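Input: a single structure, listed below in structure tokens.
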Amino acid sequence: GAVVSQHPSWVICKSGTSVKIECRSLDFQATTMFWYRQFPKQSLMLMATSNEGSKATYEQGVEKDKFLINHASLTLSTLTVTSAHPEDSSFYICSARRWEPAYNEQFFGPGTRLTVL
Amino acid sequence: QQQVKQSPQSLIVQKGGISIINCAYENTAFDYFPWYQQFPGKGPALLIAIRPDVSEKKEGRFTISFNKSAKQFSLHIMDSQPGDSATYFCAARVSGSRLTFGEGTQLTVNP
């Protein structure tokens with residue numbers, strides 16, 4: 001149990017286009033989902049935290065108009081990179097936290113490799 | 001105060017040896033300490049986690065040792081195998097809040 005999926009697993013796009021990444025919790029309900037960005041050989045950098053049905057909370061320095069997050073249901077969150085540029089190329093990872101207090105664990109998706117040409 | 005310091009940055013161990021990765025924290029409000037394993041091109045996977053009311057937790061070849069007074073915790077991998085070669089991240093969290101990650105340790109287990 002506790003599987004988180006991401007789609008697509010990799011995407012290549014042209015500069016100026018928008019890309020949507022989906023994150024789903026497959027076998028549990030997630031009240032909270034997180035989006036991370038990871039550069040090669042570095043740790044995970046939290047971009048934003050989203051709770052189902054409410055606006056996402058962005059970390060300092062993350063442009064909310066560029067990285068649009070929608071947490072539409074207890075099993076789905078999406079990250080849209082708008083007007084992507086080469087510097088947005090990175091590995092994007094989502095994570096979901098189970099709603100049951102006893103668990104309190106956070107499970108990660110397999111990541112999405114974004115390359116902007 | 002939210003930082004988690006992880007060491008070493010990289011570690012090379014022979015097959016069958018013990019791999020030890022250390023983490024230190026400052027925030028005494030942290031109450032959950034997980035370790036994640038990440039293979040190249042994949043997302044992190046929860047390996048083992050501990051809460052501060054326990055000094056040690058063992059799951060198979062993986063053991064977390066927790067020293068509350070020193071504000072340190074470590075991951076021990078016994079009988080290390082080439083398949084354990086990955087990047088390991090320690091993390092810490094205040095209940096209900098977000099995870100704070102260490103910088104990561106790249107482990108290489110030589111056959």
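Simple scheme: letters A, B, ... for chains in structure tokens order, numbers from 1 for residues in each chain, numbers from 1 for ligands in the order shown.
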Residues of chain B within 10 Å of chain A, counting only C-alpha atoms, as a PyMOL selection string:
chain B and resi 32+34+36+38+40-46+49+87-89+95-106
What lies within 12 Å of Asp79 (chain B) using only C-alpha atoms, ignoring chain neighbours under 3 positions off, as a ChimeraX atom specification?
/B:13-20,60-63,76,82-84,109-111
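The coordinates place CA of Arg37 (chain A) at 23.9 Å from CA of Asn27 (chain B).
Between Ser15 (chain A) and the residues A:Leu76, A:Ala84, A:Ala96, A:Leu114, the shortest atom-to-atom distance, using only C-alpha atoms, involves A:Ala84.
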Give me every strand (DSSP E) residue in chain A, going by DSSP on the backbone, as number ranges by chain.
A: 4-7, 10-13, 19-25, 30-38, 44-51, 57-58, 67-73, 76-81, 90-98, 106-108, 112-116
Shell of 12 Å around Lys58 (chain B), only C-alpha atoms, local chain residues under 4 positions omitted, as a list in words
Leu47, Ile48, Ala49, Ile50, Val54, Phe62, Thr63, Ile64, Ser65, Phe66, Ser74, Leu75, His76, Ile77 and Met78 of chain B
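Note that the spacing between CA of Thr80 (chain A) and CA of Ile21 (chain A) amounts to 6.2 Å.
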Could you tell me how far CA of Lys71 (chain B) sits from CA of Ser85 (chain B), in Å to one decimal place?
26.8 Å
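The environment of Ala30 (chain A) within 9 Å, counting only C-alpha atoms and disregarding residues fewer than 5 places along the same chain, consists of A:Ser25, A:Asn51, A:Glu52, A:Ser73, A:Leu74, A:Thr75, A:Leu76, A:Ala96, A:Arg97, A:Arg98, A:Trp99, A:Glu100.
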